[in-house]
Amino acid sequence: MKATVWAGRNSVEVQSVPDPTIVNDRDAIVRITSTAICGSDLHIYDGYIPTVKHGDILGHEFMGEVVEVGKAVTNLAVGDRVVVPFPIACGACSACERDLFSLCENSNPNAGIAEKFMGHSPAGLFGYSHMLGGFAGGQAEYARVPFADIGPLKIEGDLSDEQVLFLSDILPTGYMGAEMCDIKPGDVVAVWGVGPVGLFSVLSAFLLGASKVIAIDRVPYRLELAAEKGAIPINFANTSVLEELSHLTGGRGPDHCIDAVGMEARNGSTVVDAYDRVKQAARLETERPHALREAAMSCRNGGTISIVGVYGGLMDKFPIGAVMNRSLTIKTGQCHVQRYMRPLLERIRNGDIDPTFLISHRLQLDDAPRGYEIFKHKQDNCTKVILNP
Amino acid sequence: MSKSAAPATARLAKGLGAASLGLGLGELLAPAKVAALAGLDHSDRSRPVIRVLGLRECAHAAALLFGPSRLVWTRVAGDALDLALLVGAHANSGPGRRRRGATSAVALAGIAAVDLYTALRATGSGGRHTNGSPHRSLRAAVTVRRSPEDVYRFWRELENLPSFMHHLQSVTQSGDRSHWVANVPIGRSIGWDAQITDDEPDKRIVWQSLSGSAVEHSGSVEFTPTVDALGTEVRVTMSYRLPGGALGKAAATAFGESPEQQVHDDLRRFKQIVETGQVMRSAGSPHGTAAYRQMHQQPAQPTSGEKEAKR
């Protein structure tokens with residue numbers, strides 16, 4: 001089959017690789033009909049995620065048709081249409097029992113590596129480094145889906161791929177970002193980074209009762225899109241974010257701050273930007289946490305910082321004093337996708353959310369390298385790339 | 001290592017500390033004489049370097065005379081530096097000097113060997129797992145979402161052990177005796193007989209190899225209900241004597257078979273089997289959780305054929 005593999009920093013290739021096979025009894029094989037490039041794939045593309053190897057198949061947002069099931073999979077049949085959540089979860093451990101699917105205790109065969117980096121291991125993920133399992137990803141023609149009796153969401157009826165594909169990651173992730181804020185009617189929410197996840201956080205914050213949502217980015221067409229969805233845009237390339245947030249909130253600061261940027265943030269100040277770029281390039285830190293620093297400094301006393309942007313390891317110069325002395329709450333996590341798929345599918349069905357507005361590019365799988373380039377460099381007003389194998 | 005070894009190691013370390021003090025004072029007070037002895041140019045350049053080295057020796061002395069024995073590792077590092085400096089200094093010197101330099105190098109290497117020996121002894125006797133006994137003992141724990149009854153029953157069926165203890169080939173029970181066969185790192189297998197010495201249903205199993213076995217091994221596993229009564233805390237303690245002693249241990253670790261890691265991996269697989277009915281495998285780790293494999297990952301893409309997935 002054809003698959004998108006990592007070929008080193010700033011390079012992916014579509015290669016011919018063996019077809020996947022059933023390895024465990026609870027596996028299924030899915031023929032992929034639609035898959036997408038995620039912003040977090042760009043962290044791998046840029047070379048900042050540890051334990052990614054040459055030849056790893058990337059991709060964790062995918063859906064398709066079941067073509068084979070293992071002996072122990074009784075809820076799926078060949079021919080079923082499914083969306084696959086990006087965390088792999090067993091459904092039986094105490095984390096899964098508590099709906100913390102991205103912390104499944106049994107799905108990461110390389111938990112030992114993750115423990116060295118992070119103390120304890122989270123769940124295995126599709127196509128996202130060996131530390132997180134060494135699983136082949138979904139930017140391919142086929143994928144092996146472990147614990148297929150737990151994760152995949154069967155899609156019945158006439159919903160199109162484009163309507164439901166984002167249930168695999170970015171829609172639940174953006175939603176969880178807003179949900180973790182515990183928004184009360186009238187609250188003000190600020191969202192750093194209005195890429196796909198940030199835009200879904202904007203939509204979700206309104207759905208959950210925010211009176212005002214502020215979108216912070218430096219890419220004009222993304223800010224326009226956020227404004228179309230009702231957010232107040234701030235372009236940090238030419239505005240002081242802290243000043244503007246203070247002004248917009250009558251000096252209080254936003255009640256809730258969502259970081260949908262993560263480890264490769266940019267800073268409006270060239271000097272500050274360069275400082276963290278150098279440290280990250282020299283591997284003295286793995287993060288450039290500009291968004292998170294701003295969130296901590298601007299958040300209202302007693303407010304919430306919700307982190308859904310991906311961080312990899314260690315960061316410097318985090319204003320923990322602001323967090324402690326001002327009683328801020330930090331909530332974060334890889335999205336527990338399985339928890340949100342069904343309710344969000346309902347919201348798509350009843351018209352609360354239409355995720356298709358996000359898609360700017362529909363490419364063939366063979367064009368994956370071009371997809372990565374235009375998404376990374378925000379060319380051609382790229383908001384989201386879908387690949388069709 | 002026997003229990004009397006620790007004081008002997010300490011005496012050795014203190015002796016080396018005294019030697020450091022002597023050499024350090026010599027280097028500080030009479031650098032020219034030291035340079036001549038080592039076959040070095042008696043130049044203005046070497047004198048300050050030797051004085052600095054003298055200061056360093058005095059630091060070793062202070063560390064060893066007043067600190068714990070394992071600080072002898074600082075001497076090992078110093079030896080490496082000294083050898084490098086000596087080789088560097090003699091790179092462009094004449095044949096006569098070079099001979100004296102070679103003699104110095106041999107002497108330095110001898111000292112380095114003594115330092116290394118002491119350092120290894122000091123680390124061994126101060127290690128976390130040895131407790132000064134001839135056996136290594138280690139422990140690991142995992143929480144499983146099953147009742148103590150279920151977990152006990154699975155473990156007590158000793159034939160189940162090889163399904164999650166990958167170094168075991170088989171265990172066969174007959175009465176309270178059992179025969180164990182294990183894979184050893186380089187191909188062959190090794191067998192021994194063991195006996196259950198304590199068996200408290202749903203609480204604890206203790207076993208020990210019979211005297212005269214090739215492998216001296218004992219262990220216990222305890223099952224404690226979690227506070228919410230939905231799961232079981234499993235705690236394993238094992239002690240054994242490895243063939244080849246410390247050297248065998250080092251070799252095994254180099255092959256990714258560190259016993260500590262093995263027990264952790266065993267428990268991880270145990271949890272996977274009890275909770276999910278399978279050992280999780282991925283393209284990068286086709287054999288499932290295993291320390292060796294974690295260090296030697298295949299690319300995360302399917303392999304051709306099923307053979308890789310079978311062990």
# chains A, B, ... in the order shown; residues from 1 in each chain; ligands from 1

call {"tool": "closest_atom_pairs", "arguments": {"of": "chain A", "to": "chain B", "cutoff": "6 Å", "atoms": "only C-alpha atoms", "output": "Markdown table"}}
result
| residue | atom | partner | partner_atom | distance |
| --- | --- | --- | --- | --- |
| A:Pro18 | CA | B:Ser304 | CA | 5.4 |
| A:Pro20 | CA | B:Pro302 | CA | 5.1 |
| A:Gly55 | CA | B:Pro299 | CA | 5.3 |
| A:Asp56 | CA | B:Ala300 | CA | 4.3 |
| A:Ile57 | CA | B:Gln301 | CA | 5.7 |
| A:Ala92 | CA | B:Glu275 | CA | 6.0 |
| A:Asn106 | CA | B:Gln272 | CA | 5.5 |
| A:Pro109 | CA | B:Thr289 | CA | 4.6 |
| A:Asn110 | CA | B:Thr289 | CA | 5.9 |
| A:Gly134 | CA | B:Gly284 | CA | 4.4 |
| A:Phe135 | CA | B:Ser282 | CA | 5.2 |
| A:Ala136 | CA | B:Ala300 | CA | 4.6 |

call {"tool": "residues_around", "arguments": {"residues": "stretch 265-281 of chain A", "least_positions_apart": "4", "cutoff": "6 Å", "atoms": "only C-alpha atoms", "output": "list in words"}}
result
Phe236, Ala237, Glu285, Thr286, Arg288 and His290 of chain A

call {"tool": "select_by_dssp", "arguments": {"residues": "stretch 303-377 of chain A", "states": "alpha helix (DSSP H)", "output": "number ranges by chain"}}
result
A: 320-325, 337-349, 368-376

call {"tool": "residues_around", "arguments": {"residues": "stretch 101-116 of chain B", "least_positions_apart": "4", "cutoff": "6 Å", "atoms": "only C-alpha atoms", "output": "JSON, numbers by chain"}}
result
{"B": [38, 39, 76, 79]}

call {"tool": "atom_distance", "arguments": {"atom1": "atom CA of A:Val12", "atom2": "atom CA of A:Pro369"}}
result
5.6 Å

call {"tool": "residues_around", "arguments": {"residues": "stretch 224-234 of chain A", "least_positions_apart": "3", "cutoff": "9 Å", "atoms": "only C-alpha atoms", "output": "list in words"}}
result
Val194, Gly198, Leu199, Val202, Leu203, Phe206, Lys212, Val213, Ile214, Ala215, Ile216, Asp217, Arg218, Val219, Pro220, Tyr221, Ala237, Asn238, Thr239, Ser240, Val241, Glu244, Leu245 and Leu358 of chain A

call {"tool": "residues_around", "arguments": {"residues": "B:Gly67", "least_positions_apart": "5", "cutoff": "12 Å", "atoms": "only C-alpha atoms", "output": "mmCIF file with C-alpha atoms, in the first residue's frame"}}
result
data_model
loop_
_atom_site.group_PDB
_atom_site.id
_atom_site.type_symbol
_atom_site.label_atom_id
_atom_site.label_comp_id
_atom_site.auth_asym_id
_atom_site.auth_seq_id
_atom_site.Cartn_x
_atom_site.Cartn_y
_atom_site.Cartn_z
ATOM 1 C CA ALA B 10 36.264 2.036 52.608
ATOM 2 C CA ALA B 13 39.286 4.336 49.268
ATOM 3 C CA LYS B 14 40.875 6.118 52.252
ATOM 4 C CA GLY B 17 42.801 9.432 49.316
ATOM 5 C CA ALA B 59 40.461 17.836 46.039
ATOM 6 C CA HIS B 60 40.348 14.058 45.394
ATOM 7 C CA ALA B 61 42.099 13.569 48.718
ATOM 8 C CA ALA B 62 39.589 15.718 50.581
ATOM 9 C CA VAL B 72 36.637 7.401 44.122
ATOM 10 C CA TRP B 73 34.932 7.783 40.726
ATOM 11 C CA THR B 74 36.375 11.328 40.719
#

call {"tool": "atom_distance", "arguments": {"atom1": "atom CA of B:Ala182", "atom2": "atom CA of B:Met165"}}
result
9.5 Å

call {"tool": "atom_distance", "arguments": {"atom1": "atom CA of A:Ala148", "atom2": "atom CA of A:Pro343"}}
result
19.6 Å

call {"tool": "closest_residue", "arguments": {"among": "A:Leu58, A:Val145, A:Ala111, A:Val52", "to": "A:Asp25", "atoms": "only C-alpha atoms"}}
result
A:Val145

call {"tool": "closest_residue", "arguments": {"among": "A:Pro152, A:Pro389, A:Gly64, A:Pro355", "to": "A:Val84", "atoms": "only C-alpha atoms"}}
result
A:Pro152

call {"tool": "decode", "arguments": {"residues": "stretch 75-94 of chain B", "atoms": "N, CA and C atoms", "output": "PDB file, in the first residue's frame"}}
result
ATOM      1  N   ARG B  75      38.447  10.082  41.055  1.00  0.00           N
ATOM      2  CA  ARG B  75      39.828   9.724  40.702  1.00  0.00           C
ATOM      3  C   ARG B  75      39.866   9.031  39.352  1.00  0.00           C
ATOM      4  N   VAL B  76      38.873   8.178  39.101  1.00  0.00           N
ATOM      5  CA  VAL B  76      38.841   7.487  37.811  1.00  0.00           C
ATOM      6  C   VAL B  76      38.786   8.515  36.682  1.00  0.00           C
ATOM      7  N   ALA B  77      37.921   9.525  36.848  1.00  0.00           N
ATOM      8  CA  ALA B  77      37.817  10.581  35.831  1.00  0.00           C
ATOM      9  C   ALA B  77      39.152  11.312  35.702  1.00  0.00           C
ATOM     10  N   GLY B  78      39.788  11.597  36.853  1.00  0.00           N
ATOM     11  CA  GLY B  78      41.082  12.275  36.853  1.00  0.00           C
ATOM     12  C   GLY B  78      42.134  11.466  36.109  1.00  0.00           C
ATOM     13  N   ASP B  79      42.127  10.136  36.329  1.00  0.00           N
ATOM     14  CA  ASP B  79      43.091   9.269  35.648  1.00  0.00           C
ATOM     15  C   ASP B  79      42.968   9.395  34.140  1.00  0.00           C
ATOM     16  N   ALA B  80      41.727   9.401  33.674  1.00  0.00           N
ATOM     17  CA  ALA B  80      41.489   9.496  32.231  1.00  0.00           C
ATOM     18  C   ALA B  80      42.071  10.801  31.703  1.00  0.00           C
ATOM     19  N   LEU B  81      41.849  11.888  32.453  1.00  0.00           N
ATOM     20  CA  LEU B  81      42.356  13.202  32.048  1.00  0.00           C
ATOM     21  C   LEU B  81      43.886  13.202  32.037  1.00  0.00           C
ATOM     22  N   ASP B  82      44.497  12.633  33.093  1.00  0.00           N
ATOM     23  CA  ASP B  82      45.961  12.599  33.191  1.00  0.00           C
ATOM     24  C   ASP B  82      46.562  11.860  32.010  1.00  0.00           C
ATOM     25  N   LEU B  83      45.963  10.685  31.697  1.00  0.00           N
ATOM     26  CA  LEU B  83      46.480   9.889  30.579  1.00  0.00           C
ATOM     27  C   LEU B  83      46.400  10.679  29.284  1.00  0.00           C
ATOM     28  N   ALA B  84      45.276  11.370  29.094  1.00  0.00           N
ATOM     29  CA  ALA B  84      45.094  12.155  27.872  1.00  0.00           C
ATOM     30  C   ALA B  84      46.140  13.260  27.795  1.00  0.00           C
ATOM     31  N   LEU B  85      46.380  13.939  28.932  1.00  0.00           N
ATOM     32  CA  LEU B  85      47.366  15.030  28.961  1.00  0.00           C
ATOM     33  C   LEU B  85      48.761  14.498  28.647  1.00  0.00           C
ATOM     34  N   LEU B  86      49.082  13.331  29.233  1.00  0.00           N
ATOM     35  CA  LEU B  86      50.410  12.755  29.052  1.00  0.00           C
ATOM     36  C   LEU B  86      50.636  12.401  27.586  1.00  0.00           C
ATOM     37  N   VAL B  87      49.635  11.758  26.990  1.00  0.00           N
ATOM     38  CA  VAL B  87      49.740  11.393  25.573  1.00  0.00           C
ATOM     39  C   VAL B  87      49.911  12.648  24.731  1.00  0.00           C
ATOM     40  N   GLY B  88      49.108  13.687  25.055  1.00  0.00           N
ATOM     41  CA  GLY B  88      49.204  14.947  24.321  1.00  0.00           C
ATOM     42  C   GLY B  88      50.595  15.555  24.439  1.00  0.00           C
ATOM     43  N   ALA B  89      51.154  15.544  25.660  1.00  0.00           N
ATOM     44  CA  ALA B  89      52.455  16.166  25.915  1.00  0.00           C
ATOM     45  C   ALA B  89      53.571  15.445  25.166  1.00  0.00           C
ATOM     46  N   HIS B  90      53.419  14.120  24.953  1.00  0.00           N
ATOM     47  CA  HIS B  90      54.500  13.354  24.332  1.00  0.00           C
ATOM     48  C   HIS B  90      54.328  13.182  22.845  1.00  0.00           C
ATOM     49  N   ALA B  91      53.250  13.759  22.314  1.00  0.00           N
ATOM     50  CA  ALA B  91      52.990  13.573  20.886  1.00  0.00           C
ATOM     51  C   ALA B  91      54.187  14.029  20.053  1.00  0.00           C
ATOM     52  N   ASN B  92      54.882  15.140  20.449  1.00  0.00           N
ATOM     53  CA  ASN B  92      55.985  15.658  19.622  1.00  0.00           C
ATOM     54  C   ASN B  92      57.321  15.639  20.366  1.00  0.00           C
ATOM     55  N   SER B  93      57.533  14.712  21.278  1.00  0.00           N
ATOM     56  CA  SER B  93      58.825  14.747  21.975  1.00  0.00           C
ATOM     57  C   SER B  93      59.760  13.674  21.413  1.00  0.00           C
ATOM     58  N   GLY B  94      61.042  13.793  21.754  1.00  0.00           N
ATOM     59  CA  GLY B  94      62.074  12.897  21.220  1.00  0.00           C
ATOM     60  C   GLY B  94      61.982  11.502  21.816  1.00  0.00           C
TER      61      GLY B  94
END
